[in-house]
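Below is upload01.pdb, holding PDB, C-alpha atoms (C1' of nucleotides).
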ATOM      1  CA  MET A   1     -12.983   2.668  -1.624
ATOM      2  CA  ARG A   2     -11.415   5.201   0.714
ATOM      3  CA  ILE A   3     -11.789   4.805   4.481
ATOM      4  CA  ALA A   4     -10.435   6.996   7.278
ATOM      5  CA  THR A   5     -10.256   7.476  11.028
ATOM      6  CA  TRP A   6     -10.102  10.706  13.026
ATOM      7  CA  ASN A   7     -10.329  11.656  16.667
ATOM      8  CA  VAL A   8     -12.328  14.834  16.092
ATOM      9  CA  ASN A   9     -12.330  16.064  19.720
ATOM     10  CA  SER A  10     -15.954  17.304  19.683
ATOM     11  CA  ILE A  11     -18.037  16.910  16.554
ATOM     12  CA  ARG A  12     -20.155  19.958  17.384
ATOM     13  CA  THR A  13     -17.068  22.190  17.455
ATOM     14  CA  ARG A  14     -15.470  20.499  14.443
ATOM     15  CA  VAL A  15     -18.347  19.675  12.072
ATOM     16  CA  ASP A  16     -17.352  22.244   9.430
ATOM     17  CA  ARG A  17     -13.812  20.894   9.291
ATOM     18  CA  VAL A  18     -14.951  17.273   9.245
ATOM     19  CA  VAL A  19     -17.447  17.674   6.394
ATOM     20  CA  ALA A  20     -14.919  19.731   4.421
ATOM     21  CA  PHE A  21     -12.346  16.989   5.010
ATOM     22  CA  LEU A  22     -14.707  14.289   3.705
ATOM     23  CA  GLU A  23     -15.355  16.275   0.560
ATOM     24  CA  ARG A  24     -11.771  17.377  -0.012
ATOM     25  CA  HIS A  25     -10.452  13.823   0.231
ATOM     26  CA  ASP A  26     -13.469  12.102  -1.295
ATOM     27  CA  VAL A  27     -13.741   9.786   1.716
ATOM     28  CA  ASP A  28     -16.334   6.979   1.611
ATOM     29  CA  VAL A  29     -16.311   5.921   5.255
ATOM     30  CA  LEU A  30     -15.001   7.821   8.286
ATOM     31  CA  ALA A  31     -14.629   6.435  11.800
ATOM     32  CA  MET A  32     -14.765   9.257  14.351
ATOM     33  CA  GLN A  33     -13.769   9.277  18.011
ATOM     34  CA  GLU A  34     -14.376  11.718  20.852
ATOM     35  CA  THR A  35     -17.546  13.163  19.410
ATOM     36  CA  LYS A  36     -18.225  14.409  22.950
ATOM     37  CA  CYS A  37     -21.998  14.491  22.669
ATOM     38  CA  LYS A  38     -25.191  12.521  23.127
ATOM     39  CA  ASP A  39     -26.899  10.993  20.087
ATOM     40  CA  GLU A  40     -29.533  13.740  19.966
ATOM     41  CA  GLN A  41     -26.816  16.421  19.901
ATOM     42  CA  PHE A  42     -24.946  14.978  16.892
ATOM     43  CA  PRO A  43     -25.094  17.290  13.822
ATOM     44  CA  LEU A  44     -26.646  14.587  11.620
ATOM     45  CA  GLU A  45     -28.116  16.985   9.096
ATOM     46  CA  ARG A  46     -24.736  18.370   8.065
ATOM     47  CA  PHE A  47     -23.551  14.899   7.128
ATOM     48  CA  LYS A  48     -26.795  14.009   5.438
ATOM     49  CA  GLN A  49     -26.508  17.103   3.217
ATOM     50  CA  ALA A  50     -23.039  15.926   2.226
ATOM     51  CA  GLY A  51     -24.397  12.483   1.355
ATOM     52  CA  TYR A  52     -23.402  10.492   4.435
ATOM     53  CA  GLU A  53     -25.363   8.287   6.797
ATOM     54  CA  ILE A  54     -24.305   8.274  10.449
ATOM     55  CA  ALA A  55     -24.170   5.666  13.181
ATOM     56  CA  HIS A  56     -23.311   7.356  16.477
ATOM     57  CA  HIS A  57     -23.003   6.223  20.067
ATOM     58  CA  GLY A  58     -22.628   8.922  22.681
ATOM     59  CA  LEU A  59     -23.823   8.880  26.279
ATOM     60  CA  ASN A  60     -22.621  12.250  27.593
ATOM     61  CA  GLN A  61     -19.864  14.827  27.036
ATOM     62  CA  TRP A  62     -17.146  12.180  27.287
ATOM     63  CA  ASN A  63     -15.924   9.771  24.606
ATOM     64  CA  GLY A  64     -18.470   9.146  21.829
ATOM     65  CA  VAL A  65     -17.806   7.201  18.607
ATOM     66  CA  ALA A  66     -19.377   7.399  15.164
ATOM     67  CA  ILE A  67     -19.174   6.069  11.623
ATOM     68  CA  ALA A  68     -20.089   8.204   8.610
ATOM     69  CA  SER A  69     -20.672   6.300   5.363
ATOM     70  CA  ARG A  70     -21.873   6.980   1.849
ATOM     71  CA  VAL A  71     -21.554   3.302   0.794
ATOM     72  CA  GLY A  72     -24.123   1.800   3.162
ATOM     73  CA  LEU A  73     -24.336   1.434   6.933
ATOM     74  CA  ASN A  74     -25.738  -1.857   8.178
ATOM     75  CA  ASP A  75     -25.684  -4.189  11.189
ATOM     76  CA  VAL A  76     -24.665  -1.477  13.642
ATOM     77  CA  GLN A  77     -23.214  -2.828  16.878
ATOM     78  CA  ILE A  78     -22.669  -0.770  20.026
ATOM     79  CA  GLY A  79     -19.646  -2.015  21.946
ATOM     80  CA  PHE A  80     -18.124  -5.490  21.619
ATOM     81  CA  GLU A  81     -18.647  -8.706  23.534
ATOM     82  CA  ASP A  82     -17.612  -8.489  27.199
ATOM     83  CA  MET A  83     -16.386  -4.893  26.752
ATOM     84  CA  PRO A  84     -15.334  -3.728  30.224
ATOM     85  CA  GLY A  85     -16.932  -0.693  31.838
ATOM     86  CA  PHE A  86     -15.550   1.987  34.145
ATOM     87  CA  GLY A  87     -16.690   4.246  36.968
ATOM     88  CA  ASP A  88     -18.748   3.950  40.110
ATOM     89  CA  PRO A  89     -21.000   2.227  39.480
ATOM     90  CA  VAL A  90     -19.142   0.439  36.702
ATOM     91  CA  ALA A  91     -20.830   1.171  33.378
ATOM     92  CA  ALA A  92     -20.061   0.674  29.693
ATOM     93  CA  GLU A  93     -18.658   3.781  28.009
ATOM     94  CA  ALA A  94     -19.180   5.035  24.429
ATOM     95  CA  ARG A  95     -15.902   3.732  23.020
ATOM     96  CA  ALA A  96     -16.776   1.258  20.284
ATOM     97  CA  ILE A  97     -19.219   1.118  17.399
ATOM     98  CA  GLY A  98     -19.220  -1.247  14.445
ATOM     99  CA  ALA A  99     -21.072  -1.213  11.131
ATOM    100  CA  THR A 100     -20.870  -2.873   7.747
ATOM    101  CA  CYS A 101     -20.124  -0.293   5.062
ATOM    102  CA  GLY A 102     -20.041  -1.712   1.568
ATOM    103  CA  ASP A 103     -18.086  -4.937   1.967
ATOM    104  CA  VAL A 104     -16.047  -3.774   4.960
ATOM    105  CA  ARG A 105     -16.823  -4.361   8.610
ATOM    106  CA  MET A 106     -15.792  -1.002  10.107
ATOM    107  CA  TRP A 107     -15.101  -0.327  13.771
ATOM    108  CA  SER A 108     -14.591   3.077  15.349
ATOM    109  CA  LEU A 109     -12.617   2.537  18.560
ATOM    110  CA  TYR A 110     -11.602   4.932  21.301
ATOM    111  CA  VAL A 111      -9.230   3.033  23.575
ATOM    112  CA  PRO A 112      -9.205   4.286  27.189
ATOM    113  CA  ASN A 113      -6.393   6.754  27.892
ATOM    114  CA  GLY A 114      -5.088   5.056  31.048
ATOM    115  CA  ARG A 115      -4.337   8.369  32.781
ATOM    116  CA  GLU A 116      -1.429   7.179  34.966
ATOM    117  CA  ILE A 117       0.508   3.943  35.324
ATOM    118  CA  GLY A 118      -1.217   1.866  37.996
ATOM    119  CA  HIS A 119      -4.359   4.030  37.968
ATOM    120  CA  PRO A 120      -7.646   2.097  37.809
ATOM    121  CA  HIS A 121      -8.089   3.636  34.349
ATOM    122  CA  TYR A 122      -4.789   2.051  33.259
ATOM    123  CA  MET A 123      -6.004  -1.396  34.381
ATOM    124  CA  TYR A 124      -9.258  -0.686  32.565
ATOM    125  CA  LYS A 125      -7.328   0.182  29.409
ATOM    126  CA  LEU A 126      -5.421  -3.108  29.452
ATOM    127  CA  GLU A 127      -8.532  -5.154  30.173
ATOM    128  CA  TRP A 128     -10.454  -3.318  27.441
ATOM    129  CA  LEU A 129      -7.736  -4.117  24.899
ATOM    130  CA  GLU A 130      -7.583  -7.755  25.976
ATOM    131  CA  ARG A 131     -11.337  -8.161  25.518
ATOM    132  CA  LEU A 132     -11.175  -6.458  22.141
ATOM    133  CA  ARG A 133      -8.426  -8.845  21.079
ATOM    134  CA  LEU A 134     -10.447 -11.861  22.172
ATOM    135  CA  ASP A 135     -13.479 -10.675  20.226
ATOM    136  CA  GLY A 136     -11.387  -9.789  17.179
ATOM    137  CA  ALA A 137      -9.718 -13.199  17.209
ATOM    138  CA  LYS A 138     -13.154 -14.793  17.370
ATOM    139  CA  TRP A 139     -14.379 -12.874  14.309
ATOM    140  CA  LEU A 140     -11.381 -14.129  12.354
ATOM    141  CA  ALA A 141     -11.803 -17.671  13.615
ATOM    142  CA  GLU A 142     -15.417 -17.622  12.452
ATOM    143  CA  ASP A 143     -14.493 -16.198   9.058
ATOM    144  CA  PRO A 144     -10.808 -16.103   8.069
ATOM    145  CA  LEU A 145     -11.754 -14.078   4.976
ATOM    146  CA  ALA A 146     -13.608 -11.388   6.937
ATOM    147  CA  GLN A 147     -12.805  -7.834   5.837
ATOM    148  CA  ILE A 148     -12.503  -5.992   9.132
ATOM    149  CA  ALA A 149     -11.045  -2.538   9.792
ATOM    150  CA  LEU A 150     -10.294  -1.671  13.419
ATOM    151  CA  MET A 151      -9.997   2.088  13.118
ATOM    152  CA  GLY A 152      -9.373   4.509  15.893
ATOM    153  CA  ASP A 153      -7.455   6.243  18.612
ATOM    154  CA  TRP A 154      -5.553   3.427  20.309
ATOM    155  CA  ASN A 155      -3.789   5.666  22.858
ATOM    156  CA  ILE A 156      -0.629   3.566  22.471
ATOM    157  CA  ALA A 157       2.666   4.450  20.800
ATOM    158  CA  PRO A 158       3.826   0.959  19.759
ATOM    159  CA  THR A 159       7.537   1.734  19.319
ATOM    160  CA  ASP A 160      10.039   4.296  20.554
ATOM    161  CA  GLU A 161       9.941   5.887  17.091
ATOM    162  CA  ASP A 162       6.304   6.749  17.679
ATOM    163  CA  VAL A 163       6.977   9.492  20.220
ATOM    164  CA  TRP A 164       9.097  12.600  19.896
ATOM    165  CA  ASP A 165      11.188  11.924  23.003
ATOM    166  CA  MET A 166      11.173   8.695  25.001
ATOM    167  CA  GLY A 167      12.738  10.567  27.911
ATOM    168  CA  PHE A 168       9.650  12.713  28.173
ATOM    169  CA  PHE A 169       7.451   9.631  28.415
ATOM    170  CA  GLU A 170       9.423   7.898  31.132
ATOM    171  CA  GLY A 171       6.926   6.908  33.811
ATOM    172  CA  LYS A 172       3.992   7.866  31.627
ATOM    173  CA  THR A 173       1.283   5.885  29.880
ATOM    174  CA  HIS A 174       1.049   5.112  26.146
ATOM    175  CA  VAL A 175       4.564   3.629  25.944
ATOM    176  CA  THR A 176       4.677   1.049  28.752
ATOM    177  CA  PRO A 177       5.433  -2.607  27.961
ATOM    178  CA  PRO A 178       1.964  -3.846  29.001
ATOM    179  CA  GLU A 179       0.313  -1.334  26.638
ATOM    180  CA  ARG A 180       2.691  -2.208  23.822
ATOM    181  CA  ASP A 181       2.142  -5.916  24.474
ATOM    182  CA  ALA A 182      -1.613  -5.381  24.236
ATOM    183  CA  PHE A 183      -1.173  -3.619  20.901
ATOM    184  CA  GLN A 184       1.168  -6.323  19.614
ATOM    185  CA  ALA A 185      -1.383  -8.945  20.645
ATOM    186  CA  MET A 186      -3.846  -7.366  18.200
ATOM    187  CA  ILE A 187      -1.205  -7.646  15.477
ATOM    188  CA  ASP A 188      -0.485 -11.244  16.457
ATOM    189  CA  ALA A 189      -4.219 -11.971  16.284
ATOM    190  CA  GLY A 190      -4.039 -11.086  12.588
ATOM    191  CA  PHE A 191      -4.786  -7.355  12.411
ATOM    192  CA  SER A 192      -2.005  -5.429  10.712
ATOM    193  CA  ASP A 193      -1.081  -1.751  10.686
ATOM    194  CA  VAL A 194      -1.699  -1.015   7.016
ATOM    195  CA  VAL A 195      -0.687   2.655   7.216
ATOM    196  CA  ARG A 196       2.920   2.382   8.340
ATOM    197  CA  PRO A 197       4.311   1.004   5.058
ATOM    198  CA  PHE A 198       3.075   4.153   3.337
ATOM    199  CA  THR A 199       4.022   6.604   6.114
ATOM    200  CA  PRO A 200       7.459   5.595   7.404
ATOM    201  CA  GLY A 201       9.090   7.238  10.408
ATOM    202  CA  PRO A 202      10.736   8.470  12.429
ATOM    203  CA  GLY A 203       8.865  11.670  13.108
ATOM    204  CA  THR A 204       5.582  10.474  11.628
ATOM    205  CA  TYR A 205       2.777  11.265  14.057
ATOM    206  CA  THR A 206      -1.005  11.478  14.269
ATOM    207  CA  TYR A 207      -1.369  13.482  17.484
ATOM    208  CA  TRP A 208       0.209  16.600  18.926
ATOM    209  CA  ASP A 209      -0.678  18.001  22.359
ATOM    210  CA  TYR A 210      -2.311  21.405  22.247
ATOM    211  CA  THR A 211       0.120  22.731  24.857
ATOM    212  CA  GLN A 212       3.751  23.775  24.618
ATOM    213  CA  LEU A 213       3.662  24.429  20.847
ATOM    214  CA  ARG A 214       3.982  20.703  20.285
ATOM    215  CA  PHE A 215       2.740  20.815  16.689
ATOM    216  CA  PRO A 216       5.060  23.519  15.307
ATOM    217  CA  LYS A 217       7.907  21.871  17.210
ATOM    218  CA  LYS A 218       7.013  18.550  15.541
ATOM    219  CA  GLN A 219       6.669  16.889  18.952
ATOM    220  CA  GLY A 220       3.902  14.364  18.443
ATOM    221  CA  MET A 221       2.847  10.770  18.890
ATOM    222  CA  ARG A 222       1.634   8.055  16.524
ATOM    223  CA  ILE A 223      -1.387   6.657  18.339
ATOM    224  CA  ASP A 224      -4.154   6.502  15.694
ATOM    225  CA  PHE A 225      -4.223   3.316  13.651
ATOM    226  CA  ALA A 226      -6.104   1.358  11.027
ATOM    227  CA  LEU A 227      -5.608  -2.311  11.879
ATOM    228  CA  CYS A 228      -6.939  -4.543   9.109
ATOM    229  CA  SER A 229      -7.785  -8.229   8.916
ATOM    230  CA  PRO A 230      -5.683 -10.289   6.474
ATOM    231  CA  ALA A 231      -8.268 -10.237   3.678
ATOM    232  CA  LEU A 232      -8.743  -6.491   3.965
ATOM    233  CA  ALA A 233      -5.014  -5.748   4.300
ATOM    234  CA  GLU A 234      -4.523  -7.402   0.911
ATOM    235  CA  ARG A 235      -6.751  -4.743  -0.625
ATOM    236  CA  VAL A 236      -4.793  -1.757   0.685
ATOM    237  CA  GLU A 237      -3.279   0.328  -2.098
ATOM    238  CA  GLY A 238      -2.165   3.382  -0.159
ATOM    239  CA  ALA A 239      -2.426   5.390   3.033
ATOM    240  CA  GLN A 240      -1.711   8.860   4.348
ATOM    241  CA  ILE A 241      -1.849  10.992   7.461
ATOM    242  CA  ASP A 242      -3.411  14.381   6.723
ATOM    243  CA  ARG A 243      -1.108  16.501   8.840
ATOM    244  CA  ASP A 244      -2.595  19.667   7.312
ATOM    245  CA  GLU A 245      -5.736  19.092   9.386
ATOM    246  CA  ARG A 246      -3.756  19.760  12.561
ATOM    247  CA  LYS A 247      -2.914  23.252  11.318
ATOM    248  CA  GLY A 248      -4.622  26.522  12.098
ATOM    249  CA  LYS A 249      -7.280  27.690  14.483
ATOM    250  CA  GLY A 250      -9.984  25.216  15.394
ATOM    251  CA  ALA A 251      -7.966  22.064  14.681
ATOM    252  CA  SER A 252      -8.416  18.810  16.561
ATOM    253  CA  ASP A 253      -5.302  17.674  18.387
ATOM    254  CA  HIS A 254      -5.370  14.554  16.151
ATOM    255  CA  ALA A 255      -4.849  14.313  12.381
ATOM    256  CA  PRO A 256      -6.996  12.043  10.198
ATOM    257  CA  VAL A 257      -5.562   8.769   8.880
ATOM    258  CA  ILE A 258      -6.707   7.711   5.394
ATOM    259  CA  VAL A 259      -6.548   4.249   3.785
ATOM    260  CA  ASP A 260      -7.197   3.431   0.118
ATOM    261  CA  LEU A 261      -8.693   0.043  -0.786
ATOM    262  CA  ASP A 262      -9.045  -1.432  -4.237
TER     263      ASP A 262
ATOM    264  C1'  DA B   1       2.932  18.253  33.980
ATOM    265  C1'  DT B   2      -0.478  21.708  31.044
ATOM    266  C1'  DG B   3       2.144  28.828  28.235
ATOM    267  C1'  DT B   4      -4.370  24.305  25.480
ATOM    268  C1'  DC B   5      -8.809  22.711  24.466
ATOM    269  C1'  DA B   6     -13.782  21.190  25.195
ATOM    270  C1'  DG B   7     -17.970  20.690  27.879
ATOM    271  C1'  DC B   8     -20.428  21.119  32.128
ATOM    272  C1'  DT B   9     -21.990  23.610  36.128
ATOM    273  C1'  DT B  10     -23.063  27.916  36.968
ATOM    274  C1'  DG B  11     -23.985  32.502  36.392
ATOM    275  C1'  DA B  12     -17.434  34.000  36.410
ATOM    276  C1'  DA B  13     -14.641  30.840  37.249
ATOM    277  C1'  DG B  14     -13.725  26.196  38.596
ATOM    278  C1'  DC B  15     -14.008  21.271  37.541
ATOM    279  C1'  DT B  16     -13.007  16.977  34.691
ATOM    280  C1'  DG B  17     -10.718  14.787  31.067
ATOM    281  C1'  DA B  18      -7.337  14.575  27.578
TER     282       DA B  18
END

Represent the structure of the file as structure tokens.
Amino acid sequence: MRIATWNVNSIRTRVDRVVAFLERHDVDVLAMQETKCKDEQFPLERFKQAGYEIAHHGLNQWNGVAIASRVGLNDVQIGFEDMPGFGDPVAAEARAIGATCGDVRMWSLYVPNGREIGHPHYMYKLEWLERLRLDGAKWLAEDPLAQIALMGDWNIAPTDEDVWDMGFFEGKTHVTPPERDAFQAMIDAGFSDVVRPFTPGPGTYTYWDYTQLRFPKKQGMRIDFALCSPALAERVEGAQIDRDERKGKGASDHAPVIVDLD
DNA sequence: ATGTCAGCTTGAAGCTGA
């Protein structure tokens, strides 16, 4: 089985590219982030024609997460237990959706950006990650053999190798110790980065800012991850980052990350 | 931050978010 994750940065703008990607790579399950639309605006029919079912959660033009599957799509869950909200009034955002696809419990996750160090959104990001970790640890405690894939845009570069220039990120989010600690806590809870062994760095990224010619200059960040439970990690046979999808007109600023399971 | 995007408001250009 082949699973993947991709921050598509608007599914309505990107649907042609996304469906072509699924077919080109023969992907069974895709976790999408930043669909940027409400449920009724999601281009369901295009996926259906290609043979995929969709579970989508979108509340407005911000965030939005989805799972496309051609191997079943069951027990859909919107958000996780005690997932923090944001805003005034505080409300849950469309940042997490889970579904069982074949024998894998898939999650599409869009971790809050954080905006600036010390910003309320930064505190929200850390709290969101902590609650996700607690829920994830609980799933594994309940079933140590659970096959769980936490797929998504984590908005964290876990090591200095994961950004093009640490100097540039001084005083910025995505690289701060509290964010990195929160990411490491997911690893310590039992979810491992199954892509890195197949895509070593330095210079291996999944995201390049649209501005300043970051992509042609190879100035990116590695912030999109597939974190797998122990039982699922054992099944991983390969992984790749499809950098080609960042090329050309109409590209998302993120590249898809693909994982092969036995 | 924005030599870039995307979506919304609104009726051409400004705002938010990334």

Exercise. Tell me the residues of chain A close to chain B, meaning within 9 Å using all atoms listed in the file, as a PyMOL selection string.
Key: chain A and resi 9-10+13+36+61-62+113+115+209-213+252-253

Could you list, as a PDB file with C-alpha atoms, in the coordinates of the input, every residue matched by the PyMOL selection byres ((chain A and resi 193-195) around 9) in this structure?
ATOM      1  CA  ILE A 187      -1.205  -7.646  15.477  1.00  0.00           C
ATOM      2  CA  PHE A 191      -4.786  -7.355  12.411  1.00  0.00           C
ATOM      3  CA  SER A 192      -2.005  -5.429  10.712  1.00  0.00           C
ATOM      4  CA  ARG A 196       2.920   2.382   8.340  1.00  0.00           C
ATOM      5  CA  PRO A 197       4.311   1.004   5.058  1.00  0.00           C
ATOM      6  CA  PHE A 198       3.075   4.153   3.337  1.00  0.00           C
ATOM      7  CA  THR A 199       4.022   6.604   6.114  1.00  0.00           C
ATOM      8  CA  PRO A 200       7.459   5.595   7.404  1.00  0.00           C
ATOM      9  CA  PHE A 225      -4.223   3.316  13.651  1.00  0.00           C
ATOM     10  CA  ALA A 226      -6.104   1.358  11.027  1.00  0.00           C
ATOM     11  CA  LEU A 227      -5.608  -2.311  11.879  1.00  0.00           C
ATOM     12  CA  CYS A 228      -6.939  -4.543   9.109  1.00  0.00           C
ATOM     13  CA  ALA A 233      -5.014  -5.748   4.300  1.00  0.00           C
ATOM     14  CA  VAL A 236      -4.793  -1.757   0.685  1.00  0.00           C
ATOM     15  CA  GLY A 238      -2.165   3.382  -0.159  1.00  0.00           C
ATOM     16  CA  ALA A 239      -2.426   5.390   3.033  1.00  0.00           C
ATOM     17  CA  GLN A 240      -1.711   8.860   4.348  1.00  0.00           C
ATOM     18  CA  ILE A 241      -1.849  10.992   7.461  1.00  0.00           C
ATOM     19  CA  VAL A 257      -5.562   8.769   8.880  1.00  0.00           C
ATOM     20  CA  ILE A 258      -6.707   7.711   5.394  1.00  0.00           C
ATOM     21  CA  VAL A 259      -6.548   4.249   3.785  1.00  0.00           C
TER      22      VAL A 259
END

Quiz item: CA of Glu53 in chain A to CA of Leu73 in chain A: how many Å, to one decimal?
Solution: 6.9 Å

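Using only C-alpha atoms (C1' of nucleotides), the contacts of Arg17 in chain A at a cut-off of 12 Å, with sequence neighbours closer than 4 positions omitted, comprise Trp6, Val8, Asn9, Ser10, Ile11, Arg12, Thr13, Phe21, Leu22, Glu23, Arg24, His25, Arg46, Phe47, Asp244, Glu245, Arg246, Lys247, Gly248, Lys249, Gly250, Ala251, Ser252, Ala255 and Pro256 of chain A.
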
Quiz item: So which residues touch Asp82 in chain A within 9 Å, counting all atoms listed in the file, skipping near sequence neighbours fewer than 2 positions away, as a ChimeraX atom specification?
Solution: /A:79-80,84,128,131-132,135

Practice problem: Any chance you could resolve the PyMOL selection byres ((chain A and resi 43) around 12) against this file and give the residues as JSON, numbers by chain? | Solution: {"A": [10, 11, 12, 13, 14, 15, 16, 18, 19, 35, 36, 37, 38, 39, 40, 41, 42, 44, 45, 46, 47, 48, 49, 50, 52, 53, 54, 55, 56, 66, 68]}

Exercise. Specify as a PyMOL selection string each residue included when the PyMOL selection byres ((chain A and resi 100) around 8) is applied to this file.
Key: chain A and resi 72-76+98-99+101-106

Quiz item: Can you list, as a PyMOL selection string, every protein, DNA or RNA residue that comes within 7 Å of range 1-5 of chain A when you count all atoms listed in the file, leaving out same-chain residues fewer than 4 positions away?
Solution: chain A and resi 27-32+151-152+256-262

Hey, can you spit out that residue selection with C-alpha atoms as an mmCIF file, in the frame of the given file?
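So out_15.cif came out as:
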data_model
loop_
_atom_site.group_PDB
_atom_site.id
_atom_site.type_symbol
_atom_site.label_atom_id
_atom_site.label_comp_id
_atom_site.auth_asym_id
_atom_site.auth_seq_id
_atom_site.Cartn_x
_atom_site.Cartn_y
_atom_site.Cartn_z
ATOM 1 C CA VAL A 27 -13.741 9.786 1.716
ATOM 2 C CA ASP A 28 -16.334 6.979 1.611
ATOM 3 C CA VAL A 29 -16.311 5.921 5.255
ATOM 4 C CA LEU A 30 -15.001 7.821 8.286
ATOM 5 C CA ALA A 31 -14.629 6.435 11.800
ATOM 6 C CA MET A 32 -14.765 9.257 14.351
ATOM 7 C CA MET A 151 -9.997 2.088 13.118
ATOM 8 C CA GLY A 152 -9.373 4.509 15.893
ATOM 9 C CA PRO A 256 -6.996 12.043 10.198
ATOM 10 C CA VAL A 257 -5.562 8.769 8.880
ATOM 11 C CA ILE A 258 -6.707 7.711 5.394
ATOM 12 C CA VAL A 259 -6.548 4.249 3.785
ATOM 13 C CA ASP A 260 -7.197 3.431 0.118
ATOM 14 C CA LEU A 261 -8.693 0.043 -0.786
ATOM 15 C CA ASP A 262 -9.045 -1.432 -4.237
#

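Counting from CA of Pro202 in chain A, the distance to CA of Arg243 in chain A is 14.8 Å.
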
Self-check item: Between CA of Gly64 in chain A and CA of Ala185 in chain A - distance in Å to one decimal
Solution: 24.9 Å

Exercise. Name the residues, using the chain letters and numbers of the file, that sit within 12 Å of (3.6, 0.0, 25.0) when counting all atoms listed in the file, and give them as a ChimeraX atom specification.
Key: /A:114,117,122,125-126,154-163,166,169-185,222-223

Could you model N, CA, C and O atoms for range 13-24 of chain A and present them as an mmCIF file, in the coordinates of the input?
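Okay, this is what ended up in part_21.cif:
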data_model
loop_
_atom_site.group_PDB
_atom_site.id
_atom_site.type_symbol
_atom_site.label_atom_id
_atom_site.label_comp_id
_atom_site.auth_asym_id
_atom_site.auth_seq_id
_atom_site.Cartn_x
_atom_site.Cartn_y
_atom_site.Cartn_z
ATOM 1 N N THR A 13 -18.057 21.130 17.711
ATOM 2 C CA THR A 13 -17.068 22.190 17.455
ATOM 3 C C THR A 13 -16.431 22.044 16.072
ATOM 4 O O THR A 13 -16.066 23.029 15.439
ATOM 5 N N ARG A 14 -16.306 20.788 15.603
ATOM 6 C CA ARG A 14 -15.470 20.499 14.443
ATOM 7 C C ARG A 14 -16.240 20.156 13.178
ATOM 8 O O ARG A 14 -15.637 19.790 12.166
ATOM 9 N N VAL A 15 -17.576 20.224 13.194
ATOM 10 C CA VAL A 15 -18.347 19.675 12.072
ATOM 11 C C VAL A 15 -17.995 20.307 10.731
ATOM 12 O O VAL A 15 -17.916 19.608 9.710
ATOM 13 N N ASP A 16 -17.721 21.605 10.707
ATOM 14 C CA ASP A 16 -17.352 22.244 9.430
ATOM 15 C C ASP A 16 -16.075 21.627 8.864
ATOM 16 O O ASP A 16 -15.993 21.303 7.678
ATOM 17 N N ARG A 17 -15.090 21.480 9.713
ATOM 18 C CA ARG A 17 -13.812 20.894 9.291
ATOM 19 C C ARG A 17 -13.986 19.458 8.837
ATOM 20 O O ARG A 17 -13.373 19.022 7.859
ATOM 21 N N VAL A 18 -14.813 18.702 9.562
ATOM 22 C CA VAL A 18 -14.951 17.273 9.245
ATOM 23 C C VAL A 18 -15.652 17.082 7.899
ATOM 24 O O VAL A 18 -15.200 16.294 7.061
ATOM 25 N N VAL A 19 -16.734 17.802 7.672
ATOM 26 C CA VAL A 19 -17.447 17.674 6.394
ATOM 27 C C VAL A 19 -16.560 18.154 5.244
ATOM 28 O O VAL A 19 -16.500 17.520 4.181
ATOM 29 N N ALA A 20 -15.837 19.236 5.460
ATOM 30 C CA ALA A 20 -14.919 19.731 4.421
ATOM 31 C C ALA A 20 -13.825 18.705 4.129
ATOM 32 O O ALA A 20 -13.434 18.500 2.976
ATOM 33 N N PHE A 21 -13.361 18.038 5.173
ATOM 34 C CA PHE A 21 -12.346 16.989 5.010
ATOM 35 C C PHE A 21 -12.880 15.831 4.161
ATOM 36 O O PHE A 21 -12.209 15.359 3.242
ATOM 37 N N LEU A 22 -14.105 15.395 4.459
ATOM 38 C CA LEU A 22 -14.707 14.289 3.705
ATOM 39 C C LEU A 22 -14.794 14.632 2.230
ATOM 40 O O LEU A 22 -14.489 13.803 1.359
ATOM 41 N N GLU A 23 -15.179 15.871 1.949
ATOM 42 C CA GLU A 23 -15.355 16.275 0.560
ATOM 43 C C GLU A 23 -14.004 16.489 -0.131
ATOM 44 O O GLU A 23 -13.808 16.069 -1.271
ATOM 45 N N ARG A 24 -13.089 17.088 0.570
ATOM 46 C CA ARG A 24 -11.771 17.377 -0.012
ATOM 47 C C ARG A 24 -11.036 16.100 -0.389
ATOM 48 O O ARG A 24 -10.394 16.015 -1.431
#
